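Coordinates as given in model37.cif (mmCIF, C-alpha atoms and all ligand atoms):
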data_protein
#
loop_
_atom_site.label_atom_id
_atom_site.label_comp_id
_atom_site.auth_asym_id
_atom_site.auth_seq_id
_atom_site.Cartn_x
_atom_site.Cartn_y
_atom_site.Cartn_z
CA MET U 1 -23.46 26.95 1.39
CA ASN U 2 -20.48 29.24 1.98
CA ASP U 3 -21.86 30.07 5.43
CA LEU U 4 -22.16 26.40 6.19
CA PHE U 5 -18.54 25.77 5.12
CA GLN U 6 -17.39 28.73 7.17
CA SER U 7 -19.19 27.49 10.28
CA LEU U 8 -17.96 23.95 9.80
CA PHE U 9 -14.42 25.22 9.35
CA GLN U 10 -14.59 27.26 12.57
CA LEU U 11 -16.02 24.31 14.46
CA PHE U 12 -13.21 22.05 13.25
CA GLU U 13 -10.59 24.64 14.14
CA SER U 14 -11.86 25.07 17.70
CA SER U 15 -12.59 21.37 18.39
CA PRO U 16 -10.18 19.23 20.45
CA VAL U 17 -11.08 16.34 18.12
CA LEU U 18 -8.34 15.76 15.52
CA VAL U 19 -9.63 16.06 11.93
CA ALA U 20 -7.67 15.63 8.70
CA ALA U 21 -8.24 14.75 5.04
CA TYR U 22 -5.71 13.11 2.72
CA ASP U 23 -6.08 12.87 -1.07
CA GLY U 24 -5.64 9.70 -3.14
CA PHE U 25 -1.86 10.26 -3.26
CA ASP U 26 -1.84 10.28 0.55
CA ARG U 27 -1.01 13.97 0.67
CA LEU U 28 -2.48 15.90 3.57
CA ARG U 29 -4.99 18.39 2.17
CA TYR U 30 -6.65 19.58 5.37
CA ALA U 31 -5.87 19.31 9.08
CA ASN U 32 -7.52 21.22 11.88
CA ARG U 33 -5.60 22.90 14.68
CA ALA U 34 -5.74 19.87 17.01
CA PHE U 35 -4.41 17.55 14.31
CA ARG U 36 -1.63 19.95 13.27
CA SER U 37 -0.56 20.34 16.86
CA ALA U 38 -0.47 16.56 17.58
CA TYR U 39 1.59 15.86 14.43
CA PHE U 40 3.68 19.06 14.28
CA ILE U 41 2.37 20.44 11.00
CA GLU U 42 2.62 24.11 10.02
CA PRO U 43 -0.70 25.78 9.05
CA GLU U 44 -0.11 25.91 5.26
CA GLU U 45 1.86 22.69 5.02
CA MET U 46 0.57 19.71 2.99
CA PRO U 47 3.06 16.88 3.54
CA PHE U 48 2.69 13.36 2.17
CA TRP U 49 1.76 10.91 4.93
CA PRO U 50 5.00 8.82 4.74
CA ASP U 51 7.13 12.01 4.92
CA LEU U 52 5.14 13.25 7.89
CA MET U 53 5.55 9.95 9.74
CA ARG U 54 9.25 9.76 8.89
CA ARG U 55 10.15 13.25 10.05
CA ASN U 56 8.18 12.89 13.28
CA HIS U 57 9.74 9.50 13.95
CA TYR U 58 13.30 10.88 13.63
CA ALA U 59 12.36 13.92 15.74
CA GLU U 60 10.92 11.51 18.36
CA ARG U 61 7.43 12.98 18.34
CA GLY U 62 4.00 12.19 16.88
CA THR U 63 2.95 8.54 16.62
CA VAL U 64 4.78 5.95 18.72
CA ILE U 65 6.30 3.42 16.30
CA ARG U 66 7.20 0.12 17.88
CA ALA U 67 9.53 -1.22 15.20
CA GLU U 68 13.29 -1.46 14.92
CA ASP U 69 13.35 -0.45 11.28
CA PHE U 70 11.19 2.54 10.37
CA GLU U 71 11.18 1.83 6.60
CA GLU U 72 10.02 -1.76 7.19
CA TRP U 73 7.26 -0.48 9.46
CA LEU U 74 6.26 1.98 6.71
CA ILE U 75 5.98 -0.75 4.05
CA SER U 76 3.82 -2.96 6.21
CA THR U 77 1.61 -0.08 7.37
CA GLN U 78 1.18 1.40 3.90
CA SER U 79 0.29 -2.03 2.53
CA ARG U 80 -2.97 -1.81 4.42
CA ARG U 81 -3.46 1.94 4.95
CA GLY U 82 -6.53 3.36 3.22
CA LYS U 83 -7.42 0.18 1.31
CA VAL U 84 -10.77 -0.49 2.99
CA GLY U 85 -13.78 1.82 3.29
CA PHE U 86 -13.55 2.23 7.05
CA ARG U 87 -11.33 1.19 9.92
CA ALA U 88 -10.84 2.27 13.51
CA PHE U 89 -7.92 1.64 15.83
CA GLU U 90 -6.15 2.86 18.94
CA THR U 91 -2.84 4.67 18.54
CA ASP U 92 -0.56 6.46 20.99
CA LEU U 93 1.52 9.60 20.72
CA VAL U 94 5.02 10.17 22.07
CA ASP U 95 3.55 12.82 24.43
CA GLY U 96 1.64 9.99 26.22
CA ARG U 97 -1.82 10.62 24.75
CA TRP U 98 -3.92 7.75 23.39
CA LEU U 99 -6.14 8.36 20.38
CA TRP U 100 -9.09 6.46 18.95
CA MET U 101 -8.50 7.01 15.22
CA THR U 102 -11.03 6.37 12.47
CA GLU U 103 -10.26 6.36 8.74
CA THR U 104 -13.02 6.68 6.15
CA VAL U 105 -11.97 6.20 2.53
CA GLN U 106 -13.87 7.21 -0.62
CA GLU U 107 -13.57 5.35 -3.91
CA ASP U 108 -11.35 8.11 -5.35
CA GLY U 109 -8.89 7.50 -2.50
CA TRP U 110 -9.62 10.61 -0.41
CA MET U 111 -9.49 9.72 3.27
CA LEU U 112 -11.05 11.42 6.29
CA CYS U 113 -9.24 10.85 9.62
CA ILE U 114 -10.96 11.68 12.87
CA ALA U 115 -9.32 10.98 16.22
CA THR U 116 -10.46 11.54 19.77
CA ASP U 117 -8.35 11.55 22.90
CA VAL U 118 -9.14 8.40 24.92
CA THR U 119 -6.21 8.60 27.33
CA ASP U 120 -8.51 8.46 30.35
CA LEU U 121 -10.70 5.61 29.08
CA LYS U 122 -10.28 1.99 30.10
CA ALA U 123 -6.49 2.08 30.27
CA SER U 124 -6.53 -1.27 32.08
CA THR U 125 -7.76 -3.18 29.02
CA ARG U 126 -5.64 -1.25 26.53
CA GLU U 127 -2.95 -3.91 26.30
CA VAL U 128 -5.53 -6.55 25.37
CA ARG U 129 -6.93 -4.31 22.64
CA GLN U 130 -3.44 -3.57 21.31
CA ASP U 131 -2.55 -7.26 21.25
CA ARG U 132 -5.76 -7.92 19.33
CA ASP U 133 -4.86 -5.19 16.79
CA LEU U 134 -1.36 -6.62 16.38
CA ALA U 135 -2.82 -10.09 15.81
CA ILE U 136 -5.20 -8.72 13.17
CA LYS U 137 -2.33 -6.92 11.48
CA ALA U 138 -0.23 -10.11 11.50
CA SER U 139 -3.07 -12.11 9.95
CA TYR U 140 -3.03 -9.76 6.94
CA THR U 141 0.72 -9.36 6.55
CA ASP U 142 3.33 -11.43 4.77
CA GLU U 143 5.94 -12.15 7.42
CA LEU U 144 9.04 -11.99 5.22
CA THR U 145 8.37 -8.86 3.16
CA GLY U 146 5.88 -6.96 5.35
CA VAL U 147 3.48 -6.38 2.43
CA ALA U 148 -0.12 -7.64 2.37
CA ASN U 149 -0.57 -11.40 2.28
CA ARG U 150 -2.77 -13.55 0.04
CA ARG U 151 -5.81 -13.24 2.29
CA PHE U 152 -5.74 -9.42 2.36
CA VAL U 153 -5.00 -8.94 -1.32
CA THR U 154 -7.68 -11.47 -2.38
CA ALA U 155 -10.26 -9.45 -0.45
CA ARG U 156 -9.05 -6.32 -2.28
CA ILE U 157 -9.47 -8.09 -5.68
CA GLU U 158 -13.05 -8.84 -4.62
CA ASP U 159 -13.56 -5.19 -3.58
CA MET U 160 -12.26 -4.08 -6.97
CA LEU U 161 -14.67 -6.39 -8.80
CA GLN U 162 -17.55 -4.92 -6.82
CA GLY U 163 -16.40 -1.31 -7.40
CA GLN U 164 -18.77 1.22 -8.94
CA VAL U 165 -18.38 1.55 -12.69
CA THR U 166 -19.23 5.09 -13.90
CA ASP U 167 -18.88 7.07 -17.13
CA GLU U 168 -15.69 8.69 -15.85
CA SER U 169 -14.39 5.43 -14.55
CA PRO U 170 -15.81 2.74 -16.85
CA LEU U 171 -13.53 -0.06 -15.66
CA PRO U 172 -13.42 -2.08 -12.46
CA GLY U 173 -9.64 -2.20 -12.96
CA CYS U 174 -6.73 -4.49 -13.71
CA LEU U 175 -4.92 -7.27 -11.93
CA CYS U 176 -1.18 -7.84 -12.34
CA VAL U 177 0.64 -11.00 -11.34
CA PHE U 178 4.40 -10.59 -10.78
CA ASP U 179 6.99 -13.36 -10.59
CA VAL U 180 10.72 -12.93 -9.92
CA ASP U 181 12.69 -14.48 -12.81
CA HIS U 182 14.89 -17.53 -12.30
CA PHE U 183 14.40 -17.34 -8.58
CA LYS U 184 15.36 -20.98 -8.11
CA ILE U 185 18.76 -20.23 -9.67
CA ILE U 186 19.17 -17.20 -7.37
CA ASN U 187 18.50 -19.42 -4.35
CA ASP U 188 20.80 -22.16 -5.64
CA GLN U 189 23.67 -19.80 -6.50
CA TYR U 190 23.53 -17.32 -3.65
CA GLY U 191 21.77 -19.25 -0.89
CA HIS U 192 18.29 -19.11 0.62
CA HIS U 193 19.16 -16.17 2.88
CA ASN U 194 20.15 -14.03 -0.11
CA GLY U 195 17.02 -15.29 -1.91
CA ASP U 196 15.00 -13.87 0.98
CA LEU U 197 16.87 -10.56 0.70
CA VAL U 198 15.94 -10.42 -3.00
CA LEU U 199 12.27 -10.96 -2.16
CA LYS U 200 12.41 -8.20 0.47
CA ASP U 201 14.12 -5.87 -1.98
CA PHE U 202 11.53 -6.68 -4.64
CA ALA U 203 8.66 -5.84 -2.28
CA LYS U 204 10.41 -2.57 -1.36
CA CYS U 205 11.05 -1.54 -5.01
CA ILE U 206 7.46 -2.22 -6.08
CA HIS U 207 5.92 -0.77 -2.95
CA ARG U 208 7.55 2.62 -3.70
CA LEU U 209 5.50 2.88 -6.90
CA VAL U 210 2.17 1.63 -5.56
CA ARG U 211 -0.65 4.19 -5.23
CA ARG U 212 -2.71 4.17 -2.02
CA THR U 213 -5.82 3.04 -3.91
CA ASP U 214 -3.92 -0.02 -5.18
CA CYS U 215 -2.98 -3.10 -3.21
CA PHE U 216 0.25 -5.04 -3.55
CA GLY U 217 0.69 -8.37 -1.83
CA ARG U 218 2.66 -11.61 -1.83
CA VAL U 219 0.60 -14.63 -2.78
CA GLY U 220 3.25 -17.35 -2.93
CA GLY U 221 7.02 -18.00 -2.86
CA GLU U 222 8.21 -15.46 -5.44
CA GLU U 223 4.76 -14.56 -6.76
CA PHE U 224 3.08 -11.23 -5.99
CA VAL U 225 -0.07 -9.48 -7.19
CA LEU U 226 -1.06 -5.85 -7.63
CA THR U 227 -4.65 -4.62 -7.87
CA LEU U 228 -5.17 -1.44 -9.92
CA PRO U 229 -8.80 -0.33 -9.40
CA ALA U 230 -10.36 2.00 -12.01
CA THR U 231 -7.27 1.69 -14.19
CA SER U 232 -7.16 0.89 -17.92
CA ILE U 233 -4.82 -1.69 -19.43
CA GLU U 234 -2.70 1.07 -20.97
CA GLN U 235 -2.35 2.90 -17.66
CA ALA U 236 -1.55 -0.41 -15.97
CA ARG U 237 1.15 -1.09 -18.53
CA LEU U 238 2.77 2.31 -17.87
CA ILE U 239 2.71 1.80 -14.11
CA VAL U 240 4.24 -1.67 -14.38
CA GLU U 241 6.86 -0.56 -16.92
CA ARG U 242 8.18 1.89 -14.31
CA MET U 243 8.37 -1.00 -11.87
CA LEU U 244 10.35 -3.17 -14.32
CA VAL U 245 12.83 -0.30 -14.76
CA GLY U 246 13.11 0.24 -10.99
CA VAL U 247 13.87 -3.42 -10.28
CA ARG U 248 16.44 -3.66 -13.10
CA LYS U 249 18.42 -0.89 -11.40
CA SER U 250 18.30 -2.46 -7.95
CA ARG U 251 21.41 -4.10 -6.43
CA PRO U 252 20.04 -5.83 -3.33
CA LEU U 253 23.03 -7.91 -2.17
CA LYS U 254 25.65 -5.81 -0.36
CA ASP U 255 28.36 -8.46 -0.61
CA ARG U 256 27.55 -9.06 -4.33
CA PRO U 257 27.35 -5.50 -5.66
CA ASP U 258 27.03 -6.66 -9.30
CA PHE U 259 24.07 -8.93 -8.65
CA LYS U 260 20.85 -7.83 -10.32
CA TYR U 261 17.55 -9.52 -11.08
CA THR U 262 14.35 -9.06 -13.07
CA PHE U 263 10.72 -10.10 -12.94
CA SER U 264 7.90 -10.88 -15.38
CA VAL U 265 4.31 -9.68 -15.30
CA GLY U 266 0.93 -10.78 -16.56
CA ILE U 267 -1.86 -8.19 -16.66
CA ALA U 268 -5.60 -8.79 -17.11
CA ALA U 269 -8.45 -6.28 -17.16
CA ALA U 270 -11.48 -7.21 -15.05
CA GLN U 271 -14.53 -8.11 -17.13
CA VAL U 272 -18.20 -8.43 -16.38
CA GLY U 273 -18.84 -11.65 -14.49
CA ASP U 274 -15.22 -12.05 -13.34
CA THR U 275 -14.49 -13.59 -9.96
CA ALA U 276 -11.21 -13.17 -8.11
CA ILE U 277 -10.28 -16.65 -9.34
CA SER U 278 -11.14 -16.11 -13.03
CA LEU U 279 -9.38 -12.74 -13.14
CA PHE U 280 -6.33 -14.16 -11.39
CA SER U 281 -6.11 -17.10 -13.79
CA ARG U 282 -6.16 -14.81 -16.83
CA ALA U 283 -3.41 -12.63 -15.37
CA ASP U 284 -1.46 -15.77 -14.42
CA ARG U 285 -1.82 -17.15 -17.94
CA ALA U 286 -0.49 -13.84 -19.29
CA LEU U 287 2.43 -14.13 -16.85
CA TYR U 288 3.23 -17.56 -18.26
CA ARG U 289 3.35 -16.02 -21.76
CA ALA U 290 5.70 -13.28 -20.51
CA LYS U 291 8.01 -15.99 -19.14
CA LEU U 292 7.89 -17.93 -22.42
CA ALA U 293 8.68 -14.77 -24.37
CA GLY U 294 11.98 -14.38 -22.51
CA ARG U 295 11.09 -12.88 -19.05
CA ASP U 296 11.77 -9.32 -17.76
CA GLN U 297 8.64 -8.12 -19.56
CA ILE U 298 4.88 -7.61 -19.47
CA HIS U 299 2.31 -9.70 -21.28
CA ILE U 300 -1.28 -8.49 -21.48
CA ASP U 301 -4.00 -11.13 -21.33
CA ASP U 302 -5.39 -11.61 -24.87
CA ALA U 303 -9.03 -11.15 -23.83
CA SER U 304 -8.09 -7.80 -22.23
CA SER U 305 -6.00 -6.47 -25.13
CA ASP U 306 -8.58 -7.60 -27.73
CA ARG U 307 -11.09 -5.20 -26.27
CA PRO U 308 -10.14 -1.74 -27.47
CA SER U 309 -13.27 -0.29 -25.88
CA GLN U 310 -11.79 -1.18 -22.51
CA ILE U 311 -8.58 0.71 -23.12
CA GLY U 312 -8.83 4.16 -21.56
N1 LIG U 401 14.58 -17.78 -0.53
C1 LIG U 401 13.30 -18.13 -0.68
N2 LIG U 401 12.95 -18.98 -1.69
C2 LIG U 401 11.66 -19.31 -1.86
C3 LIG U 401 10.66 -18.82 -0.98
N3 LIG U 401 9.47 -19.34 -1.40
C4 LIG U 401 9.72 -20.10 -2.50
N4 LIG U 401 11.05 -20.11 -2.80
C5 LIG U 401 11.74 -20.79 -3.90
O1 LIG U 401 11.46 -20.12 -5.14
C6 LIG U 401 11.79 -21.02 -6.23
C7 LIG U 401 10.81 -20.80 -7.35
O2 LIG U 401 11.28 -21.47 -8.49
P1 LIG U 401 10.43 -21.78 -9.81
O3 LIG U 401 8.98 -21.72 -9.52
O4 LIG U 401 10.99 -23.01 -10.41
O5 LIG U 401 10.66 -20.57 -10.76
P2 LIG U 401 11.94 -19.71 -11.15
O6 LIG U 401 13.24 -20.34 -10.83
O7 LIG U 401 11.73 -18.34 -10.55
O8 LIG U 401 11.84 -19.60 -12.72
P3 LIG U 401 10.88 -18.72 -13.59
O9 LIG U 401 9.69 -18.33 -12.75
O10 LIG U 401 10.48 -19.63 -14.70
O11 LIG U 401 11.67 -17.54 -14.06
C8 LIG U 401 11.75 -22.41 -5.63
O12 LIG U 401 13.06 -22.93 -5.64
C9 LIG U 401 11.28 -22.21 -4.16
O13 LIG U 401 11.92 -23.09 -3.28
C10 LIG U 401 11.06 -17.95 0.10
O14 LIG U 401 10.26 -17.46 0.92
N5 LIG U 401 12.39 -17.65 0.20
#
Can you dump the structure from the file as structure tokens?
Ligand SMILES: Nc1nc2c(ncn2[C@@H]2O[C@H](COP(=O)(O)OP(=O)(O)OP(=O)(O)O)[C@@H](O)[C@H]2O)c(=O)[nH]1
Amino acid sequence: MNDLFQSLFQLFESSPVLVAAYDGFDRLRYANRAFRSAYFIEPEEMPFWPDLMRRNHYAERGTVIRAEDFEEWLISTQSRRGKVGFRAFETDLVDGRWLWMTETVQEDGWMLCIATDVTDLKASTREVRQDRDLAIKASYTDELTGVANRRFVTARIEDMLQGQVTDESPLPGCLCVFDVDHFKIINDQYGHHNGDLVLKDFAKCIHRLVRRTDCFGRVGGEEFVLTLPATSIEQARLIVERMLVGVRKSRPLKDRPDFKYTFSVGIAAAQVGDTAISLFSRADRALYRAKLAGRDQIHIDDASSDRPSQIG
């Protein structure tokens, strides 16, 4: 086996094809010579993907990013990155090369990236293909906040419900429904534009704490959902508590530096026989209880918390 690994390793190192593997935290764990050279990575370095993209963007190298605001681009790209088993797309580098990139994702979040140089292939139809990719991206993105939209996140709830349940990972996962508190009052007092800024800030605050295996999306006005595959109710509670703390500290309105806001959360654990709709309604019912109990807090769906065997 060691010989096989050694030969594979040498092949990867000498191949012009770009090969890399990221772990579930989106940290680069392996990149062959071609990949390191295209993205300016030192041999022993293991950067996180967002840091790698950020530093290359500011050094004007690596991937071409066609967006005015890099951080907004990052939120919208990360909202869909590594959330489906396989995807393939065309991407270009600042040095003028075009790559055909494939991403294969395992259930534990590890991702294999393989890219080939297609600079010389069918350049004439490239614009059409790029327009198609942009249209696909737009159809899965919430326009205001840049995070996933209802359609994309609903498909991820369905993926989670179909996920493999094993001894190590006995749960399909949890669904959280988030709702910004007293949002109508925020709109009425500070204006719709500032209301929009609050929603954007909320998406940014939560997005920072979302793992790559999870999916966060906006499903309505001030309502958002978060899928947490293979996560127990107790783990879900800890993750969401950090989010509540993060949002409490945020001051999103520059001209109103004292303004702060909160949100409430309902969490439900997926159960055998659940559909996206039944799971969502239990989490939504829990959200309603969190609102009734005074807001700025989490309520766990009764059916989920009554089942100690499901708590990891
Ligand atoms: N600025 C802005 N407002 C929106 C958007 N979508 C929905 N809204 C507003 O969000 C408000 C939601 O208010 P409600 O559902 O009454 O809830 P709430 O005021 O947040 O109160 P609680 O949820 O009970 O804490 C409504 O006034 C909507 O008009 C949007 O994209 N931008």
Counting all atoms listed in the file, what are the residues, protein, DNA or RNA alike, that approach ligand LIG 401 (chain U) to within 7 Å? I want them as a PDB file with C-alpha atoms, in the coordinates of the input.
ATOM      1  CA  ASP U 179       6.990 -13.360 -10.590  1.00  0.00           C
ATOM      2  CA  VAL U 180      10.720 -12.930  -9.920  1.00  0.00           C
ATOM      3  CA  ASP U 181      12.690 -14.480 -12.810  1.00  0.00           C
ATOM      4  CA  HIS U 182      14.890 -17.530 -12.300  1.00  0.00           C
ATOM      5  CA  PHE U 183      14.400 -17.340  -8.580  1.00  0.00           C
ATOM      6  CA  LYS U 184      15.360 -20.980  -8.110  1.00  0.00           C
ATOM      7  CA  ILE U 185      18.760 -20.230  -9.670  1.00  0.00           C
ATOM      8  CA  ASN U 187      18.500 -19.420  -4.350  1.00  0.00           C
ATOM      9  CA  HIS U 192      18.290 -19.110   0.620  1.00  0.00           C
ATOM     10  CA  HIS U 193      19.160 -16.170   2.880  1.00  0.00           C
ATOM     11  CA  ASN U 194      20.150 -14.030  -0.110  1.00  0.00           C
ATOM     12  CA  GLY U 195      17.020 -15.290  -1.910  1.00  0.00           C
ATOM     13  CA  ASP U 196      15.000 -13.870   0.980  1.00  0.00           C
ATOM     14  CA  GLY U 220       3.250 -17.350  -2.930  1.00  0.00           C
ATOM     15  CA  GLY U 221       7.020 -18.000  -2.860  1.00  0.00           C
ATOM     16  CA  GLU U 222       8.210 -15.460  -5.440  1.00  0.00           C
ATOM     17  CA  LYS U 291       8.010 -15.990 -19.140  1.00  0.00           C
ATOM     18  CA  ARG U 295      11.090 -12.880 -19.050  1.00  0.00           C
TER      19      ARG U 295
END
Q.
Given all atoms listed in the file as the basis, pick out the residue of U:Glu71, U:Val219, U:Asp95, U:Glu13 nearest to U:Pro43.
A.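 That would be U:Glu13, the residue with the smallest distance to U:Pro43.
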**Q.** Spatial neighbours of stretch 269-277 of chain U, max dist 6 Å, only C-alpha atoms, sep filter under 3 positions, as number ranges by chain
**A.** U: 157-158, 173-174, 280, 304
Q: Could you check how far atom CA of U:Arg27 sits from atom CA of U:Thr102, in Å to one decimal?
A: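 Here the two named atoms are 17.2 Å from each other.
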Q | Between atom CA of U:Phe216 and atom CA of U:Ile298, distance in Å (one decimal) | A |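 Result for atom CA of U:Phe216 versus atom CA of U:Ile298: 16.8 Å, one decimal.
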Q. Hey, can you check how far atom CA of U:Val245 sits from atom CA of U:Gly217?
A. 19.5 Å
Q. Using all atoms listed in the file, which residues sit within 10 Å of stretch 132-147 of chain U once same-chain residues fewer than 2 positions away are excluded, as a ChimeraX atom specification?
A. /U:72-80,89-90,126-130,149-153,196-204,207,215-220,224
Those same residues, written as a PDB file, in the frame of the given file with C-alpha atoms?
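File produced: result-v3.pdb:
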ATOM      1  CA  GLU U  72      10.020  -1.760   7.190  1.00  0.00           C
ATOM      2  CA  TRP U  73       7.260  -0.480   9.460  1.00  0.00           C
ATOM      3  CA  LEU U  74       6.260   1.980   6.710  1.00  0.00           C
ATOM      4  CA  ILE U  75       5.980  -0.750   4.050  1.00  0.00           C
ATOM      5  CA  SER U  76       3.820  -2.960   6.210  1.00  0.00           C
ATOM      6  CA  THR U  77       1.610  -0.080   7.370  1.00  0.00           C
ATOM      7  CA  GLN U  78       1.180   1.400   3.900  1.00  0.00           C
ATOM      8  CA  SER U  79       0.290  -2.030   2.530  1.00  0.00           C
ATOM      9  CA  ARG U  80      -2.970  -1.810   4.420  1.00  0.00           C
ATOM     10  CA  PHE U  89      -7.920   1.640  15.830  1.00  0.00           C
ATOM     11  CA  GLU U  90      -6.150   2.860  18.940  1.00  0.00           C
ATOM     12  CA  ARG U 126      -5.640  -1.250  26.530  1.00  0.00           C
ATOM     13  CA  GLU U 127      -2.950  -3.910  26.300  1.00  0.00           C
ATOM     14  CA  VAL U 128      -5.530  -6.550  25.370  1.00  0.00           C
ATOM     15  CA  ARG U 129      -6.930  -4.310  22.640  1.00  0.00           C
ATOM     16  CA  GLN U 130      -3.440  -3.570  21.310  1.00  0.00           C
ATOM     17  CA  ASN U 149      -0.570 -11.400   2.280  1.00  0.00           C
ATOM     18  CA  ARG U 150      -2.770 -13.550   0.040  1.00  0.00           C
ATOM     19  CA  ARG U 151      -5.810 -13.240   2.290  1.00  0.00           C
ATOM     20  CA  PHE U 152      -5.740  -9.420   2.360  1.00  0.00           C
ATOM     21  CA  VAL U 153      -5.000  -8.940  -1.320  1.00  0.00           C
ATOM     22  CA  ASP U 196      15.000 -13.870   0.980  1.00  0.00           C
ATOM     23  CA  LEU U 197      16.870 -10.560   0.700  1.00  0.00           C
ATOM     24  CA  VAL U 198      15.940 -10.420  -3.000  1.00  0.00           C
ATOM     25  CA  LEU U 199      12.270 -10.960  -2.160  1.00  0.00           C
ATOM     26  CA  LYS U 200      12.410  -8.200   0.470  1.00  0.00           C
ATOM     27  CA  ASP U 201      14.120  -5.870  -1.980  1.00  0.00           C
ATOM     28  CA  PHE U 202      11.530  -6.680  -4.640  1.00  0.00           C
ATOM     29  CA  ALA U 203       8.660  -5.840  -2.280  1.00  0.00           C
ATOM     30  CA  LYS U 204      10.410  -2.570  -1.360  1.00  0.00           C
ATOM     31  CA  HIS U 207       5.920  -0.770  -2.950  1.00  0.00           C
ATOM     32  CA  CYS U 215      -2.980  -3.100  -3.210  1.00  0.00           C
ATOM     33  CA  PHE U 216       0.250  -5.040  -3.550  1.00  0.00           C
ATOM     34  CA  GLY U 217       0.690  -8.370  -1.830  1.00  0.00           C
ATOM     35  CA  ARG U 218       2.660 -11.610  -1.830  1.00  0.00           C
ATOM     36  CA  VAL U 219       0.600 -14.630  -2.780  1.00  0.00           C
ATOM     37  CA  GLY U 220       3.250 -17.350  -2.930  1.00  0.00           C
ATOM     38  CA  PHE U 224       3.080 -11.230  -5.990  1.00  0.00           C
TER      39      PHE U 224
END
